[in-house]
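Structure file my_file.pdb (PDB, C-alpha atoms and all ligand atoms) follows.
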MODEL        1
ATOM      1  CA  MET U   1      82.248  90.751  60.108
ATOM      2  CA  THR U   2      82.014  91.351  63.864
ATOM      3  CA  THR U   3      84.908  92.188  66.167
ATOM      4  CA  THR U   4      84.861  92.084  69.947
ATOM      5  CA  CYS U   5      87.553  93.865  71.903
ATOM      6  CA  SER U   6      87.949  94.482  75.623
ATOM      7  CA  ALA U   7      90.108  96.799  77.738
ATOM      8  CA  PRO U   8      90.619  97.152  81.501
ATOM      9  CA  GLY U   9      89.860  99.838  84.068
ATOM     10  CA  LYS U  10      92.590 101.041  86.428
ATOM     11  CA  ILE U  11      93.437 102.201  89.924
ATOM     12  CA  TYR U  12      96.027 104.791  90.930
ATOM     13  CA  LEU U  13      98.503 103.761  93.629
ATOM     14  CA  PHE U  14     100.071 107.231  93.504
ATOM     15  CA  GLY U  15     100.001 110.414  91.478
ATOM     16  CA  GLU U  16      96.479 111.424  90.374
ATOM     17  CA  HIS U  17      96.250 115.211  89.919
ATOM     18  CA  ALA U  18     100.053 115.584  90.257
ATOM     19  CA  VAL U  19     100.389 113.788  86.898
ATOM     20  CA  VAL U  20      98.416 116.634  85.258
ATOM     21  CA  TYR U  21     101.359 118.877  86.301
ATOM     22  CA  GLY U  22     103.943 116.572  84.707
ATOM     23  CA  LYS U  23     104.709 114.530  87.844
ATOM     24  CA  ARG U  24     105.126 110.752  87.989
ATOM     25  CA  ALA U  25     102.256 108.397  88.810
ATOM     26  CA  ILE U  26     101.874 104.652  89.355
ATOM     27  CA  ALA U  27      98.672 103.028  88.161
ATOM     28  CA  SER U  28      97.577  99.473  87.548
ATOM     29  CA  ALA U  29      95.103  97.748  85.285
ATOM     30  CA  ILE U  30      92.515  95.731  87.209
ATOM     31  CA  ASN U  31      90.392  92.797  86.173
ATOM     32  CA  LEU U  32      87.221  94.846  85.589
ATOM     33  CA  ARG U  33      86.803  95.302  81.836
ATOM     34  CA  THR U  34      84.760  97.068  79.159
ATOM     35  CA  THR U  35      83.889  95.270  75.936
ATOM     36  CA  ALA U  36      83.137  96.870  72.566
ATOM     37  CA  THR U  37      81.439  94.794  69.871
ATOM     38  CA  VAL U  38      81.666  96.305  66.411
ATOM     39  CA  SER U  39      80.128  95.273  63.098
ATOM     40  CA  GLU U  40      79.731  96.978  59.770
ATOM     41  CA  SER U  41      76.187  98.216  59.243
ATOM     42  CA  ASP U  42      74.023 100.405  56.977
ATOM     43  CA  GLN U  43      73.839 103.079  59.596
ATOM     44  CA  THR U  44      75.947 104.048  62.618
ATOM     45  CA  THR U  45      74.460 103.094  66.002
ATOM     46  CA  ILE U  46      75.976 103.132  69.486
ATOM     47  CA  SER U  47      74.298 101.080  72.250
ATOM     48  CA  SER U  48      75.202 101.049  75.924
ATOM     49  CA  ILE U  49      73.423 101.223  79.287
ATOM     50  CA  LEU U  50      72.898 104.894  78.410
ATOM     51  CA  GLY U  51      70.640 103.931  75.475
ATOM     52  CA  THR U  52      70.940 103.553  71.692
ATOM     53  CA  THR U  53      71.924 106.554  69.593
ATOM     54  CA  GLY U  54      73.707 107.490  66.388
ATOM     55  CA  ILE U  55      76.749 109.772  66.593
ATOM     56  CA  ASP U  56      75.669 111.745  69.653
ATOM     57  CA  TYR U  57      78.034 113.969  71.638
ATOM     58  CA  MET U  58      75.553 114.393  74.492
ATOM     59  CA  VAL U  59      74.893 110.715  75.251
ATOM     60  CA  HIS U  60      77.994 108.959  73.845
ATOM     61  CA  PRO U  61      80.706 111.618  73.489
ATOM     62  CA  TYR U  62      83.700 109.265  73.731
ATOM     63  CA  ILE U  63      82.453 106.626  71.302
ATOM     64  CA  SER U  64      81.182 109.268  68.845
ATOM     65  CA  ARG U  65      84.656 110.849  68.876
ATOM     66  CA  CYS U  66      86.315 107.438  68.296
ATOM     67  CA  ILE U  67      84.174 106.789  65.210
ATOM     68  CA  GLU U  68      84.690 110.282  63.782
ATOM     69  CA  SER U  69      88.399 110.489  64.463
ATOM     70  CA  LEU U  70      89.115 107.203  62.655
ATOM     71  CA  ALA U  71      86.769 108.214  59.786
ATOM     72  CA  VAL U  72      85.455 104.630  59.448
ATOM     73  CA  PRO U  73      82.351 103.629  57.429
ATOM     74  CA  ALA U  74      78.946 103.140  59.160
ATOM     75  CA  VAL U  75      79.166 100.707  62.098
ATOM     76  CA  SER U  76      77.076  99.353  64.900
ATOM     77  CA  ILE U  77      78.880  99.426  68.264
ATOM     78  CA  ARG U  78      77.733  97.870  71.524
ATOM     79  CA  ILE U  79      79.464  98.735  74.811
ATOM     80  CA  ASP U  80      79.190  96.418  77.827
ATOM     81  CA  SER U  81      81.066  97.332  80.977
ATOM     82  CA  GLU U  82      81.900  95.891  84.385
ATOM     83  CA  ILE U  83      83.433  99.244  85.395
ATOM     84  CA  PRO U  84      81.213 101.680  87.311
ATOM     85  CA  VAL U  85      80.879 104.939  85.309
ATOM     86  CA  GLY U  86      82.265 108.259  86.614
ATOM     87  CA  SER U  87      83.921 106.592  89.571
ATOM     88  CA  GLY U  88      87.646 107.141  89.004
ATOM     89  CA  LEU U  89      88.253 103.637  87.657
ATOM     90  CA  GLY U  90      88.948 104.740  84.094
ATOM     91  CA  SER U  91      85.611 103.677  82.596
ATOM     92  CA  SER U  92      85.809 106.224  79.772
ATOM     93  CA  ALA U  93      89.369 105.262  78.791
ATOM     94  CA  ALA U  94      88.460 101.561  78.810
ATOM     95  CA  ALA U  95      85.466 102.271  76.523
ATOM     96  CA  VAL U  96      87.632 104.384  74.205
ATOM     97  CA  ILE U  97      90.465 101.838  73.991
ATOM     98  CA  ALA U  98      88.092  98.868  73.541
ATOM     99  CA  THR U  99      86.266 100.771  70.774
ATOM    100  CA  LEU U 100      89.462 101.878  69.024
ATOM    101  CA  GLY U 101      90.828  98.325  69.307
ATOM    102  CA  ALA U 102      87.670  96.848  67.797
ATOM    103  CA  LEU U 103      87.530  99.413  64.964
ATOM    104  CA  ASN U 104      91.252  98.881  64.319
ATOM    105  CA  ALA U 105      90.735  95.122  63.882
ATOM    106  CA  GLU U 106      87.403  95.360  62.054
ATOM    107  CA  PHE U 107      88.676  97.826  59.436
ATOM    108  CA  ARG U 108      92.294  96.601  59.409
ATOM    109  CA  LEU U 109      93.688 100.034  60.260
ATOM    110  CA  MET U 110      97.015  98.527  61.387
ATOM    111  CA  MET U 111      97.492 100.810  64.412
ATOM    112  CA  ASP U 112     100.008  99.421  66.908
ATOM    113  CA  SER U 113      99.319  99.653  70.633
ATOM    114  CA  ALA U 114     101.384 102.835  71.127
ATOM    115  CA  THR U 115      99.260 104.528  68.447
ATOM    116  CA  LEU U 116      96.031 103.216  70.024
ATOM    117  CA  ALA U 117      97.063 104.708  73.382
ATOM    118  CA  GLU U 118      98.019 108.007  71.745
ATOM    119  CA  VAL U 119      94.776 108.310  69.744
ATOM    120  CA  GLY U 120      92.819 107.320  72.866
ATOM    121  CA  HIS U 121      94.569 109.999  74.931
ATOM    122  CA  ARG U 122      93.773 112.634  72.289
ATOM    123  CA  ILE U 123      90.101 111.604  72.342
ATOM    124  CA  GLU U 124      89.956 111.832  76.161
ATOM    125  CA  ARG U 125      91.550 115.293  75.979
ATOM    126  CA  ASP U 126      89.132 116.455  73.268
ATOM    127  CA  VAL U 127      86.076 115.327  75.239
ATOM    128  CA  GLN U 128      87.200 116.260  78.781
ATOM    129  CA  GLY U 129      89.316 119.346  78.075
ATOM    130  CA  ALA U 130      92.281 117.932  80.032
ATOM    131  CA  ALA U 131      93.482 114.393  80.624
ATOM    132  CA  SER U 132      96.807 112.824  81.513
ATOM    133  CA  PRO U 133      97.982 109.813  79.467
ATOM    134  CA  THR U 134      97.537 107.481  82.471
ATOM    135  CA  ASP U 135      94.127 105.918  81.841
ATOM    136  CA  THR U 136      94.588 105.273  78.134
ATOM    137  CA  ALA U 137      98.181 103.999  78.552
ATOM    138  CA  VAL U 138      97.221 101.547  81.315
ATOM    139  CA  SER U 139      94.048 100.447  79.538
ATOM    140  CA  THR U 140      96.030  99.718  76.357
ATOM    141  CA  MET U 141      99.129  98.082  77.867
ATOM    142  CA  GLY U 142      97.685  96.499  81.039
ATOM    143  CA  GLY U 143      99.903  95.738  84.046
ATOM    144  CA  THR U 144     101.223  98.031  86.750
ATOM    145  CA  MET U 145     102.880 101.055  85.169
ATOM    146  CA  LEU U 146     105.010 104.063  85.996
ATOM    147  CA  ILE U 147     103.582 107.003  84.079
ATOM    148  CA  GLN U 148     105.811 109.938  83.330
ATOM    149  CA  PRO U 149     104.188 112.564  81.090
ATOM    150  CA  GLY U 150     106.375 113.294  78.072
ATOM    151  CA  VAL U 151     108.408 110.096  78.591
ATOM    152  CA  ALA U 152     107.464 106.564  77.507
ATOM    153  CA  SER U 153     105.584 104.794  80.322
ATOM    154  CA  SER U 154     107.367 101.799  81.825
ATOM    155  CA  ARG U 155     106.029  98.516  83.101
ATOM    156  CA  LEU U 156     106.640  97.584  86.738
ATOM    157  CA  ARG U 157     106.224  94.257  88.500
ATOM    158  CA  LEU U 158     102.497  93.501  88.739
ATOM    159  CA  ILE U 159     100.898  94.259  92.119
ATOM    160  CA  GLU U 160     100.193  90.759  93.405
ATOM    161  CA  CYS U 161      98.249  91.359  96.632
ATOM    162  CA  ASP U 162      94.466  91.682  96.725
ATOM    163  CA  ILE U 163      92.907  95.035  95.903
ATOM    164  CA  VAL U 164      89.630  96.209  97.422
ATOM    165  CA  ILE U 165      87.822  99.116  95.825
ATOM    166  CA  GLY U 166      85.224 101.068  97.776
ATOM    167  CA  ASP U 167      82.732 102.899  95.602
ATOM    168  CA  THR U 168      81.005 105.880  97.268
ATOM    169  CA  GLU U 169      78.419 105.662  94.447
ATOM    170  CA  GLU U 170      78.648 109.459  94.302
ATOM    171  CA  PHE U 171      79.403 110.837  90.836
ATOM    172  CA  SER U 172      82.838 112.298  90.320
ATOM    173  CA  SER U 173      83.467 114.799  87.516
ATOM    174  CA  THR U 174      87.142 114.627  86.553
ATOM    175  CA  LYS U 175      86.834 117.855  84.565
ATOM    176  CA  GLU U 176      85.366 119.780  87.519
ATOM    177  CA  LEU U 177      87.905 118.461  90.038
ATOM    178  CA  VAL U 178      90.869 119.113  87.742
ATOM    179  CA  GLY U 179      89.434 122.656  87.318
ATOM    180  CA  ASN U 180      89.183 123.170  91.105
ATOM    181  CA  VAL U 181      92.764 122.017  91.586
ATOM    182  CA  ARG U 182      93.870 124.380  88.802
ATOM    183  CA  ILE U 183      92.302 127.342  90.642
ATOM    184  CA  LEU U 184      94.080 126.376  93.892
ATOM    185  CA  HIS U 185      97.311 126.060  91.882
ATOM    186  CA  GLU U 186      96.818 129.544  90.430
ATOM    187  CA  ASP U 187      96.130 130.987  93.898
ATOM    188  CA  TYR U 188      98.933 129.171  95.763
ATOM    189  CA  PRO U 189     101.454 127.935  93.187
ATOM    190  CA  GLY U 190     104.296 127.468  95.685
ATOM    191  CA  VAL U 191     102.193 125.407  98.097
ATOM    192  CA  MET U 192     100.622 123.282  95.361
ATOM    193  CA  ASP U 193     103.930 122.658  93.556
ATOM    194  CA  SER U 194     105.453 121.498  96.857
ATOM    195  CA  ILE U 195     102.593 119.038  97.361
ATOM    196  CA  PHE U 196     102.925 117.741  93.781
ATOM    197  CA  ASP U 197     106.682 117.311  94.323
ATOM    198  CA  ILE U 198     105.999 115.155  97.400
ATOM    199  CA  ILE U 199     103.503 113.057  95.419
ATOM    200  CA  ASP U 200     106.131 112.678  92.675
ATOM    201  CA  ASN U 201     108.527 111.438  95.356
ATOM    202  CA  LEU U 202     105.948 108.887  96.563
ATOM    203  CA  SER U 203     105.841 107.433  93.035
ATOM    204  CA  GLU U 204     109.631 107.380  92.858
ATOM    205  CA  ILE U 205     110.119 105.501  96.112
ATOM    206  CA  GLY U 206     107.126 103.284  95.338
ATOM    207  CA  VAL U 207     108.927 101.693  92.352
ATOM    208  CA  PRO U 208     111.504  99.598  94.286
ATOM    209  CA  LEU U 209     108.920  98.789  96.989
ATOM    210  CA  ILE U 210     106.606  97.308  94.350
ATOM    211  CA  LYS U 211     109.527  95.395  92.848
ATOM    212  CA  GLY U 212     110.294  93.963  96.311
ATOM    213  CA  ARG U 213     106.578  93.206  96.942
ATOM    214  CA  ASP U 214     106.755  95.313 100.125
ATOM    215  CA  TYR U 215     103.028  96.096 100.136
ATOM    216  CA  ARG U 216     103.060  97.189 103.778
ATOM    217  CA  SER U 217     105.348 100.115 102.882
ATOM    218  CA  VAL U 218     103.432 100.812  99.637
ATOM    219  CA  GLY U 219     100.288 101.016 101.792
ATOM    220  CA  GLU U 220     101.945 103.479 104.179
ATOM    221  CA  LEU U 221     102.855 105.720 101.250
ATOM    222  CA  MET U 222      99.291 105.430  99.884
ATOM    223  CA  ASN U 223      98.041 106.705 103.253
ATOM    224  CA  ILE U 224     100.335 109.727 102.920
ATOM    225  CA  ASP U 225      99.082 110.330  99.355
ATOM    226  CA  HIS U 226      95.492 110.254 100.611
ATOM    227  CA  GLY U 227      96.309 113.016 103.114
ATOM    228  CA  LEU U 228      97.823 115.114 100.323
ATOM    229  CA  LEU U 229      94.789 114.566  98.075
ATOM    230  CA  ASP U 230      92.633 115.751 100.974
ATOM    231  CA  ALA U 231      94.914 118.781 101.290
ATOM    232  CA  ILE U 232      94.348 119.783  97.658
ATOM    233  CA  GLY U 233      90.586 119.659  98.149
ATOM    234  CA  VAL U 234      89.536 116.480  96.333
ATOM    235  CA  GLY U 235      88.435 114.515  99.402
ATOM    236  CA  SER U 236      84.945 114.129 100.838
ATOM    237  CA  ALA U 237      83.475 112.924 104.120
ATOM    238  CA  LYS U 238      82.356 109.647 102.524
ATOM    239  CA  LEU U 239      85.715 108.987 100.856
ATOM    240  CA  SER U 240      87.451 109.515 104.220
ATOM    241  CA  ARG U 241      84.951 107.218 105.946
ATOM    242  CA  LEU U 242      85.651 104.403 103.494
ATOM    243  CA  VAL U 243      89.424 104.945 103.708
ATOM    244  CA  CYS U 244      89.313 104.799 107.543
ATOM    245  CA  ALA U 245      87.065 101.726 107.491
ATOM    246  CA  ALA U 246      89.492  99.895 105.165
ATOM    247  CA  ARG U 247      92.517 100.809 107.297
ATOM    248  CA  ASP U 248      90.785  99.862 110.562
ATOM    249  CA  ALA U 249      89.894  96.470 109.032
ATOM    250  CA  GLY U 250      93.584  95.779 108.409
ATOM    251  CA  ALA U 251      94.369  97.066 104.904
ATOM    252  CA  TYR U 252      98.045  97.826 104.217
ATOM    253  CA  GLY U 253      96.884 101.278 103.108
ATOM    254  CA  ALA U 254      93.957 103.065 101.492
ATOM    255  CA  LYS U 255      93.414 106.226  99.503
ATOM    256  CA  ILE U 256      91.228 108.003  96.967
ATOM    257  CA  THR U 257      91.755 106.676  93.443
ATOM    258  CA  GLY U 258      91.192 108.985  90.475
ATOM    259  CA  ALA U 259      89.832 112.491  90.518
ATOM    260  CA  GLY U 260      88.097 112.259  93.935
ATOM    261  CA  GLY U 261      85.143 114.367  95.087
ATOM    262  CA  GLY U 262      83.117 111.158  94.908
ATOM    263  CA  GLY U 263      84.040 107.999  93.037
ATOM    264  CA  CYS U 264      86.207 105.364  94.668
ATOM    265  CA  ILE U 265      88.885 104.556  97.178
ATOM    266  CA  VAL U 266      91.419 101.782  96.707
ATOM    267  CA  ALA U 267      92.895  99.609  99.454
ATOM    268  CA  LEU U 268      95.790  97.140  99.202
ATOM    269  CA  VAL U 269      95.187  94.097 101.371
ATOM    270  CA  ARG U 270      96.824  90.803 102.141
ATOM    271  CA  GLY U 271      94.981  87.694 100.930
ATOM    272  CA  SER U 272      92.117  86.615 103.241
ATOM    273  CA  SER U 273      93.683  84.873 106.193
ATOM    274  CA  ALA U 274      92.801  83.359 109.540
ATOM    275  CA  ASP U 275      94.165  86.363 111.457
ATOM    276  CA  GLY U 276      91.726  88.713 109.701
ATOM    277  CA  GLY U 277      92.570  91.844 107.789
ATOM    278  CA  GLY U 278      92.172  90.162 104.418
ATOM    279  CA  ALA U 279      90.088  91.182 101.433
ATOM    280  CA  ASP U 280      86.803  89.873 102.852
ATOM    281  CA  ALA U 281      87.185  91.753 106.148
ATOM    282  CA  VAL U 282      88.126  94.985 104.376
ATOM    283  CA  ALA U 283      85.237  94.599 101.911
ATOM    284  CA  SER U 284      82.691  94.091 104.742
ATOM    285  CA  ALA U 285      84.044  97.133 106.601
ATOM    286  CA  ILE U 286      83.635  99.251 103.451
ATOM    287  CA  ASN U 287      80.084  97.961 102.949
ATOM    288  CA  ASP U 288      79.252  98.641 106.620
ATOM    289  CA  ALA U 289      80.558 102.208 106.218
ATOM    290  CA  GLY U 290      78.028 102.793 103.414
ATOM    291  CA  GLY U 291      80.207 102.062 100.369
ATOM    292  CA  ARG U 292      80.027  99.318  97.757
ATOM    293  CA  ALA U 293      83.076  97.072  97.928
ATOM    294  CA  ILE U 294      84.585  95.305  94.924
ATOM    295  CA  ILE U 295      87.380  92.768  95.499
ATOM    296  CA  THR U 296      89.714  92.631  92.529
ATOM    297  CA  LYS U 297      93.296  92.013  91.424
ATOM    298  CA  ALA U 298      95.775  93.794  89.209
ATOM    299  CA  SER U 299      95.817  92.448  85.666
ATOM    300  CA  GLU U 300      98.588  92.064  83.097
ATOM    301  CA  ASP U 301      96.025  92.154  80.270
ATOM    302  CA  GLY U 302      95.609  95.374  78.348
ATOM    303  CA  VAL U 303      93.537  95.667  75.198
ATOM    304  CA  VAL U 304      92.509  92.242  73.856
ATOM    305  CA  VAL U 305      90.787  91.555  70.554
ATOM    306  CA  ARG U 306      88.692  88.573  71.482
ATOM    307  CA  GLU U 307      87.013  87.444  68.292
ATOM    308  CA  THR U 308      86.869  88.285  64.650
ATOM    309  CA  PHE U 309      84.502  86.329  62.475
TER     310      PHE U 309
HETATM  311  O1  LIG U 401      88.869 109.889  87.909
HETATM  312  P1  LIG U 401      89.678 109.462  86.740
HETATM  313  O2  LIG U 401      89.827 107.999  86.574
HETATM  314  O3  LIG U 401      89.252 110.166  85.483
HETATM  315  O4  LIG U 401      91.190 109.982  87.036
HETATM  316  C1  LIG U 401      91.504 111.350  87.019
HETATM  317  C2  LIG U 401      92.952 111.500  87.326
HETATM  318  C3  LIG U 401      93.452 112.929  87.232
HETATM  319  O5  LIG U 401      94.864 112.880  87.508
HETATM  320  C4  LIG U 401      92.792 113.814  88.273
HETATM  321  C5  LIG U 401      93.220 113.530  85.861
HETATM  322  C6  LIG U 401      94.034 112.858  84.774
HETATM  323  O6  LIG U 401      93.658 113.057  83.611
HETATM  324  O7  LIG U 401      95.037 112.203  85.053
ENDMDL
END
Give the structure from the file, written as structure tokens.
Amino acid sequence: MTTTCSAPGKIYLFGEHAVVYGKRAIASAINLRTTATVSESDQTTISSILGTTGIDYMVHPYISRCIESLAVPAVSIRIDSEIPVGSGLGSSAAAVIATLGALNAEFRLMMDSATLAEVGHRIERDVQGAASPTDTAVSTMGGTMLIQPGVASSRLRLIECDIVIGDTEEFSSTKELVGNVRILHEDYPGVMDSIFDIIDNLSEIGVPLIKGRDYRSVGELMNIDHGLLDAIGVGSAKLSRLVCAARDAGAYGAKITGAGGGGCIVALVRGSSADGGGADAVASAINDAGGRAIITKASEDGVVVRETF
């Protein structure tokens, strides 16, 4: 039997880094997905753009951990992804959730989606050292979600405007950036806690704005969040260039998404329109500033088992 399962990447509207300190975050699934194809086999193999291996914690740490933690028989797994790797778009969580979803269906493990998200979060934590539940929750459930560590995540109204991502194409190590922020937090706990409290407040006031589809105000708050992310040391010259280019081209707002350092920015934009400022204009401005633009939308779809035969 072969099972194919896919799961989405995500963007953060608010709350990366602060969520590691128990603060609220708002993130949304996007329509870039990773697919895992699983079939029983004589010997375990994992294939992806990184190559073909067996259980291998150097090349395929996340998928190796998925296979070992579910203690399934030998399988062949193929990973295909539309999500750029190491770019803050949740590529590892999408690969983990798609793999767990496929193994769950293939071997009839009967895990419900809350369990999938929980197992996925544990795997991310094991491999990375630290990880909030955001990526695995959003990748499993889909939609636009309010994440509150320690409390069940809740679904918000889906972001309906266009989303433009700007990839710096510079690698971003979540582990390293979370470590740098931890050192700053140890050195200046009062300052850092105050910043995280403001970010928490951005998520709180973002909820009714998203419900009311007031994307202009959401964008303004995203701009504030970007400034705070810069303040805690996760910005870079290229990230700021792409953010400014998106804003100058008419985006409602733009900020780093994910760990920062490199990786991506996210901009909310109105649909392409005659008066400019739409997704196409923002995407060209990002490309002209040296980034790689991807126009996308939020997606209600979380993990989806596509075929079993
Ligand atoms: O860059 P990403 O997609 O791994 O996001 C990291 C977000 C952090 O808040 C910095 C860490 C986390 O685990 O939530």
Open item on the list: Can you work out which residues are within 6 Å of ligand LIG 401 (chain U), considering all atoms listed in the file, and then hand them over as JSON, numbers by chain?
Closed with: {"U": [16, 17, 19, 20, 88, 89, 90, 131, 132, 134, 174, 178, 258, 259]}
Next, the residues of the selection above should be written as a PDB file, keeping the file's coordinate frame with C-alpha atoms.
ATOM      1  CA  GLU U  16      96.479 111.424  90.374  1.00  0.00           C
ATOM      2  CA  HIS U  17      96.250 115.211  89.919  1.00  0.00           C
ATOM      3  CA  VAL U  19     100.389 113.788  86.898  1.00  0.00           C
ATOM      4  CA  VAL U  20      98.416 116.634  85.258  1.00  0.00           C
ATOM      5  CA  GLY U  88      87.646 107.141  89.004  1.00  0.00           C
ATOM      6  CA  LEU U  89      88.253 103.637  87.657  1.00  0.00           C
ATOM      7  CA  GLY U  90      88.948 104.740  84.094  1.00  0.00           C
ATOM      8  CA  ALA U 131      93.482 114.393  80.624  1.00  0.00           C
ATOM      9  CA  SER U 132      96.807 112.824  81.513  1.00  0.00           C
ATOM     10  CA  THR U 134      97.537 107.481  82.471  1.00  0.00           C
ATOM     11  CA  THR U 174      87.142 114.627  86.553  1.00  0.00           C
ATOM     12  CA  VAL U 178      90.869 119.113  87.742  1.00  0.00           C
ATOM     13  CA  GLY U 258      91.192 108.985  90.475  1.00  0.00           C
ATOM     14  CA  ALA U 259      89.832 112.491  90.518  1.00  0.00           C
TER      15      ALA U 259
END
Next on the checklist: So that I can check the surroundings of Ser39 of chain U, please list as JSON, numbers by chain every protein, DNA and RNA residue that reaches within 8 Å of it, counting only C-alpha atoms and ignoring chain neighbours fewer than 2 positions away.
Outcome noted: {"U": [1, 2, 3, 37, 41, 75, 76, 77, 106]}
**Study point:** Hits from the PyMOL selection byres (((chain U and resi 11) around 6) and not hetatm), listed as a list of chain:residue names
**Key:**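 Written out, the selection comes to U:Lys10, U:Tyr12, U:Ala27, U:Ser28, U:Leu89, U:Thr257.
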Store the residues picked out above in a file with C-alpha atoms, as a tab-separated table (two decimals), in the coordinates of the input.
chain	number	residue	atom	x	y	z
U	10	LYS	CA	92.59	101.04	86.43
U	12	TYR	CA	96.03	104.79	90.93
U	27	ALA	CA	98.67	103.03	88.16
U	28	SER	CA	97.58	99.47	87.55
U	89	LEU	CA	88.25	103.64	87.66
U	257	THR	CA	91.76	106.68	93.44
| query | Looking at all atoms listed in the file, which of U:Leu50, U:Ala7, U:Ile63, U:Ile286 is the one that sits closest to Thr136 of chain U? | reply |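 Of U:Leu50, U:Ala7, U:Ile63, U:Ile286, the one nearest Thr136 of chain U is U:Ala7, counting all atoms listed in the file.
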Find the smallest box with edges along x, y and z containing every listed atom of segment 64-77 of chain U, then add 4 Å on each side and report centre and edge lengths in Å to one decimal, as AutoDock Vina command-line options.
--center_x 83.1 --center_y 105.1 --center_z 63.2 --size_x 20.0 --size_y 19.5 --size_z 19.4
Worksheet entry | Pick from U:Gly219, U:Gly290, U:Gly227, U:Gly166, whichever lies nearest to Leu268 of chain U using all atoms listed in the file |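 Of U:Gly219, U:Gly290, U:Gly227, U:Gly166, the one nearest Leu268 of chain U is U:Gly219, counting all atoms listed in the file.
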Min atom-atom distance to Leu109 of chain U from the set U:Ile165, U:Leu146, U:Met141, U:Val72, counting only C-alpha atoms, belongs to U:Val72
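Between atom CA of Ile294 of chain U and atom CA of Asp225 of chain U there is a distance of 21.3 Å.
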Non-local contacts of Arg306 of chain U (10 Å; all atoms listed in the file; under 6 positions in same chain excluded) as a PyMOL selection string:
chain U and resi 3-6+35+37+102
